[in-house]
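Listing of input10.cif; format and content: mmCIF, C-alpha atoms.
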data_model
#
loop_
_atom_site.label_atom_id
_atom_site.label_comp_id
_atom_site.auth_asym_id
_atom_site.auth_seq_id
_atom_site.Cartn_x
_atom_site.Cartn_y
_atom_site.Cartn_z
CA MET G 25 55.68 141.61 125.13
CA THR G 26 58.00 144.57 124.59
CA ALA G 27 61.18 144.19 122.53
CA LYS G 28 64.01 146.69 123.04
CA ASP G 29 66.68 147.92 120.63
CA TRP G 30 69.84 145.88 121.32
CA ASN G 31 72.19 147.98 119.16
CA ALA G 32 73.20 150.45 121.85
CA SER G 33 74.92 147.87 124.07
CA ALA G 34 75.45 144.78 121.92
CA PRO G 35 78.73 142.98 122.65
CA ILE G 36 80.08 140.78 119.87
CA THR G 37 80.03 137.64 121.99
CA LEU G 38 77.70 134.75 122.70
CA ASP G 39 78.84 134.32 126.31
CA ILE G 40 76.57 136.94 127.89
CA SER G 41 73.25 137.14 126.09
CA HIS G 42 73.52 134.11 123.80
CA PHE G 43 72.75 136.25 120.77
CA THR G 44 74.56 138.95 118.84
CA GLY G 45 74.27 140.86 115.59
CA ILE G 46 77.09 141.81 113.25
CA GLY G 47 77.62 142.68 109.61
CA MET G 48 78.30 139.86 107.19
CA PRO G 49 81.94 139.63 106.02
CA LYS G 50 82.61 141.86 103.05
CA GLY G 51 84.12 140.84 99.72
CA VAL G 52 82.29 137.51 99.34
CA GLU G 53 79.55 137.46 96.70
CA THR G 54 77.18 134.54 97.23
CA PRO G 55 73.62 134.35 95.82
CA VAL G 56 71.01 134.03 98.54
CA THR G 57 70.19 130.48 97.43
CA HIS G 58 73.76 129.30 97.98
CA VAL G 59 75.21 128.05 101.25
CA TYR G 60 77.00 130.71 103.25
CA ALA G 61 79.54 128.17 104.45
CA LYS G 62 82.73 130.23 104.20
CA GLU G 63 81.20 133.39 105.62
CA VAL G 64 79.50 131.52 108.45
CA GLU G 65 82.57 129.51 109.39
CA GLN G 66 84.60 132.72 109.61
CA ILE G 67 82.10 134.23 112.04
CA VAL G 68 81.81 131.07 114.17
CA ARG G 69 85.59 130.78 114.49
CA GLU G 70 85.74 134.39 115.69
CA LEU G 71 82.90 134.03 118.21
CA LEU G 72 83.86 130.54 119.44
CA PRO G 73 87.64 130.13 119.08
CA ASP G 74 87.61 126.88 121.09
CA ALA G 75 85.18 125.19 118.70
CA LYS G 76 86.53 121.88 117.42
CA ASP G 77 84.36 120.83 114.46
CA LEU G 78 81.60 122.54 112.52
CA GLU G 79 78.74 120.89 110.65
CA LEU G 80 77.43 123.31 108.02
CA ASP G 81 73.95 122.75 106.63
CA PRO G 82 73.63 122.07 102.88
CA TYR G 83 70.57 124.35 102.75
CA CYS G 84 68.89 127.28 104.43
CA ALA G 85 65.23 127.82 105.33
CA ARG G 86 63.53 130.69 103.55
CA ARG G 87 60.53 132.58 104.90
CA GLY G 88 58.28 135.19 103.33
CA PRO G 89 55.79 135.67 100.47
CA GLY G 90 56.42 133.30 97.57
CA THR G 91 58.55 130.86 99.61
CA LYS G 92 57.80 127.43 101.05
CA ASN G 93 57.16 129.20 104.38
CA PRO G 94 55.09 132.26 103.43
CA ASN G 95 53.93 132.98 106.99
CA TYR G 96 55.88 134.27 109.97
CA SER G 97 56.08 132.46 113.32
CA PHE G 98 54.20 134.69 115.74
CA GLY G 99 54.66 133.00 119.08
CA PRO G 100 57.70 132.52 121.35
CA HIS G 101 59.37 129.18 120.66
CA GLN G 102 62.65 127.32 120.81
CA ASP G 103 63.42 124.91 117.98
CA TYR G 104 64.99 122.18 120.12
CA GLY G 105 64.96 120.76 123.63
CA LEU G 106 67.52 121.14 126.41
CA LEU G 107 69.43 117.85 126.39
CA ALA G 108 71.40 115.79 123.89
CA ASP G 109 68.65 113.16 123.88
CA ASP G 110 66.27 115.86 122.60
CA TRP G 111 68.33 116.44 119.47
CA PRO G 112 66.09 115.53 116.48
CA LEU G 113 68.82 113.54 114.72
CA ALA G 114 70.15 111.82 117.84
CA GLY G 115 70.83 108.47 116.20
CA ASN G 116 73.54 105.98 117.07
CA ASP G 117 76.31 107.98 115.39
CA PHE G 118 75.34 111.15 117.25
CA ARG G 119 75.12 109.37 120.60
CA LYS G 120 78.46 107.64 120.08
CA ARG G 121 80.16 110.91 119.19
CA PHE G 122 78.60 112.81 122.08
CA ALA G 123 79.57 110.07 124.54
CA GLY G 124 83.16 109.93 123.27
CA PRO G 125 85.99 111.06 125.57
CA ASP G 126 87.05 113.81 123.14
CA CYS G 127 83.63 115.52 123.15
CA ARG G 128 82.83 118.20 125.72
CA GLY G 129 79.48 119.16 124.22
CA MET G 130 77.56 120.42 121.21
CA MET G 131 75.88 123.68 120.28
CA ALA G 132 73.65 124.74 117.40
CA LEU G 133 73.65 128.31 116.09
CA ASN G 134 70.99 130.01 114.00
CA PHE G 135 72.11 132.65 111.50
CA TRP G 136 68.99 134.71 110.75
CA ARG G 137 69.07 137.48 108.18
CA PRO G 138 66.95 139.41 105.68
CA VAL G 139 67.64 138.37 102.08
CA LEU G 140 66.89 139.43 98.54
CA PRO G 141 64.53 140.25 96.91
CA MET G 142 64.05 142.65 99.83
CA CYS G 143 65.19 146.12 98.85
CA GLY G 144 64.74 148.00 102.11
CA PRO G 145 65.17 147.21 105.80
CA VAL G 146 62.91 144.95 107.86
CA SER G 147 60.59 147.50 109.43
CA LYS G 148 57.31 145.63 109.99
CA THR G 149 57.89 142.01 111.14
CA PRO G 150 61.39 141.61 112.61
CA LEU G 151 62.59 138.76 114.80
CA ALA G 152 62.85 139.22 118.57
CA VAL G 153 64.98 137.07 120.86
CA CYS G 154 64.66 136.57 124.60
CA ASP G 155 67.58 136.85 127.00
CA PRO G 156 67.65 133.34 128.55
CA ARG G 157 68.85 134.74 131.88
CA THR G 158 65.37 136.24 132.29
CA VAL G 159 63.45 133.01 131.62
CA LYS G 160 62.18 130.87 134.49
CA MET G 161 62.37 127.12 133.92
CA GLU G 162 58.78 126.72 135.11
CA ASP G 163 57.59 128.94 132.26
CA ILE G 164 59.00 126.57 129.60
CA VAL G 165 56.38 124.35 127.95
CA ALA G 166 57.68 121.24 126.19
CA THR G 167 55.97 120.28 122.94
CA SER G 168 56.75 118.37 119.76
CA ILE G 169 56.63 119.15 116.07
CA ARG G 170 57.16 117.36 112.78
CA TRP G 171 59.23 118.98 110.01
CA ASP G 172 58.62 117.64 106.52
CA GLU G 173 59.82 114.04 106.32
CA MET G 174 61.47 114.09 109.75
CA PRO G 175 59.79 112.37 112.72
CA HIS G 176 58.36 114.34 115.61
CA HIS G 177 60.98 115.94 117.83
CA ARG G 178 60.95 118.01 120.98
CA MET G 179 60.81 121.78 120.93
CA MET G 180 59.65 124.34 123.48
CA THR G 181 57.19 127.20 123.82
CA LEU G 182 57.16 129.84 126.52
CA ALA G 183 54.57 131.19 128.93
CA HIS G 184 54.62 134.96 129.37
CA ASP G 185 56.33 136.52 132.37
CA PRO G 186 56.78 140.29 132.72
CA GLU G 187 60.37 139.77 133.86
CA GLN G 188 61.39 138.33 130.49
CA ARG G 189 63.56 140.66 128.44
CA TRP G 190 63.11 140.66 124.68
CA TYR G 191 65.34 142.42 122.15
CA TYR G 192 65.47 143.01 118.41
CA TYR G 193 67.58 144.81 115.84
CA PRO G 194 65.56 147.58 114.16
CA ASP G 195 65.66 147.99 110.40
CA MET G 196 67.95 145.04 109.64
CA THR G 197 69.24 144.95 106.06
CA THR G 198 70.45 142.17 103.79
CA ASP G 199 74.09 142.73 104.77
CA GLU G 200 73.41 142.06 108.47
CA VAL G 201 72.91 138.81 110.34
CA LEU G 202 71.46 137.95 113.76
CA ILE G 203 73.17 135.00 115.44
CA PHE G 204 71.70 133.16 118.40
CA LYS G 205 72.03 129.82 120.12
CA SER G 206 69.23 127.37 119.42
CA PHE G 207 70.71 124.34 121.22
CA GLN G 208 73.45 123.72 123.77
CA HIS G 209 74.38 120.77 125.95
CA PHE G 210 77.74 120.32 127.66
CA LYS G 211 78.70 117.26 129.69
CA THR G 212 79.59 119.44 132.66
CA GLN G 213 75.90 120.21 133.16
CA SER G 214 74.26 118.57 136.15
CA GLY G 215 70.89 118.67 134.43
CA PRO G 216 68.80 120.71 131.99
CA GLU G 217 69.97 124.31 131.55
CA LEU G 218 68.57 127.07 129.38
CA ASN G 219 71.45 128.67 127.51
CA THR G 220 69.58 129.31 124.27
CA CYS G 221 67.16 131.92 122.91
CA PHE G 222 63.43 131.73 122.60
CA HIS G 223 62.45 133.82 119.60
CA THR G 224 59.42 135.06 117.70
CA ALA G 225 58.34 137.34 114.90
CA PHE G 226 56.32 140.37 115.97
CA GLU G 227 54.54 143.33 114.43
CA VAL G 228 56.16 146.73 115.00
CA PRO G 229 53.23 148.97 116.05
CA ASN G 230 54.57 152.12 114.40
CA ALA G 231 55.87 150.52 111.21
CA PRO G 232 55.39 152.76 108.15
CA LEU G 233 52.29 152.08 106.09
CA GLY G 234 53.08 149.93 103.08
CA SER G 235 56.24 148.49 104.63
CA GLU G 236 57.92 145.91 102.43
CA PRO G 237 57.08 142.29 103.37
CA ARG G 238 59.95 140.58 105.10
CA GLN G 239 62.03 138.03 103.20
CA SER G 240 64.43 136.16 105.47
CA ALA G 241 66.58 133.06 105.69
CA GLU G 242 67.74 130.85 108.55
CA TYR G 243 71.02 128.99 108.35
CA ARG G 244 71.98 126.53 111.07
CA VAL G 245 75.35 125.24 112.20
CA ARG G 246 76.25 122.50 114.64
CA VAL G 247 79.36 123.25 116.66
CA TRP G 248 81.24 120.48 118.47
CA PHE G 249 83.58 121.11 121.38
#

Please render this file's structure as structure tokens.
Amino acid sequence: MTAKDWNASAPITLDISHFTGIGMPKGVETPVTHVYAKEVEQIVRELLPDAKDLELDPYCARRGPGTKNPNYSFGPHQDYGLLADDWPLAGNDFRKRFAGPDCRGMMALNFWRPVLPMCGPVSKTPLAVCDPRTVKMEDIVATSIRWDEMPHHRMMTLAHDPEQRWYYYPDMTTDEVLIFKSFQHFKTQSGPELNTCFHTAFEVPNAPLGSEPRQSAEYRVRVWF
């Protein structure tokens, strides 16, 4: 797998590549352990002006030495399935809302960023995302996983294909955030569609010796249309 630098041609939109990277809004001081609700909502409203309602998580997932998740996920994966029935919390309330006449669909976004106590940029184990337009449906492998107290739910892994195009943002800092779609299902679909990003951590071959271990956080938002 080869991941290319996306900075040179990155549009600030989710309509083309289903991922983008921008600086976090300035002037808002929030400790890394707090919810980035106001900052995140501002970004979502800019990227998706037709969004109706947002569900903002009350927590974020930390990863890195000294956290609950000290290891990095080396292996292409997608956190959810392709259809509304695959959503891990698809209970009666979710199904009723999704089936309602005022709902066009639902999307989940992942806000991934380096966080304190990192001092320097992420130079050794960044996150790469795959352009979904380059993924063949036959290369998707359905699987299931259990998170903490939650029951098993569907997620996906990916078989390698040389036509897949992977990208990453070199040397990300704590004032930058990578945003990508991790779930999307609209009622206009005739069946399963891949409009989300497989992603994985990877080792940069020419990273400087003694590079600082990555500390990162993932913050997820459900967006209703």

*Pick out the residues sitting within 10 Å of Lys211 (chain G), and hand them over as a ChimeraX atom specification; count only C-alpha atoms, and ignore anything fewer than 3 positions along from it in its own chain.*
/G:107-108,122-123,127-130,214-215

*Give as a ChimeraX atom specification the residues that the PyMOL selection byres ((chain G and resi 158) around 8) matches when applied to the coordinates above.*
/G:154-157,159-160,187-189

With the cut-off set at 12 Å and counting only C-alpha atoms, tabulate each residue of region 107-210 of chain G with an atom at most that distance from an atom of region 78-87 of chain G, showing the nearest atom pair and its distance in Å to one decimal, ordered by chain and increasing number, as a Markdown table.
| residue | atom | partner | partner_atom | distance |
| --- | --- | --- | --- | --- |
| G:Met130 | CA | G:Leu78 | CA | 9.8 |
| G:Met131 | CA | G:Leu78 | CA | 9.7 |
| G:Ala132 | CA | G:Glu79 | CA | 9.3 |
| G:Leu133 | CA | G:Leu80 | CA | 10.2 |
| G:Asn134 | CA | G:Cys84 | CA | 10.2 |
| G:Phe135 | CA | G:Cys84 | CA | 9.4 |
| G:Trp136 | CA | G:Ala85 | CA | 9.5 |
| G:Arg137 | CA | G:Arg86 | CA | 9.9 |
| G:Pro138 | CA | G:Arg87 | CA | 9.4 |
| G:Val139 | CA | G:Arg86 | CA | 8.8 |
| G:Leu140 | CA | G:Arg86 | CA | 10.6 |
| G:Pro141 | CA | G:Arg86 | CA | 11.7 |
| G:Met142 | CA | G:Arg87 | CA | 11.8 |
| G:Thr149 | CA | G:Arg87 | CA | 11.6 |
| G:Pro150 | CA | G:Arg87 | CA | 11.9 |
| G:Leu151 | CA | G:Arg87 | CA | 11.9 |
| G:Trp171 | CA | G:Ala85 | CA | 11.7 |

*Please determine the residues with any atom at most 9 Å from (80.4, 128.4, 109.9) (coordinates as given in the file, with only C-alpha atoms counting) and report them as a list of chain:residue names.*
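Those residues, ordered by chain and then number, are G:Tyr60, G:Ala61, G:Lys62, G:Glu63, G:Val64, G:Glu65, G:Gln66, G:Ile67, G:Val68, G:Arg69, G:Leu78, G:Glu79, G:Leu80, G:Arg244, G:Val245, G:Arg246, G:Val247.
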
_Counting only C-alpha atoms, which residue out of G:Pro216, G:Pro89, G:Gly115, G:Pro125 sits closest to Ser240 (chain G)?_
G:Pro89

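Atom to atom, CA of Asn230 (chain G) and CA of Ser147 (chain G) stand 9.1 Å apart.
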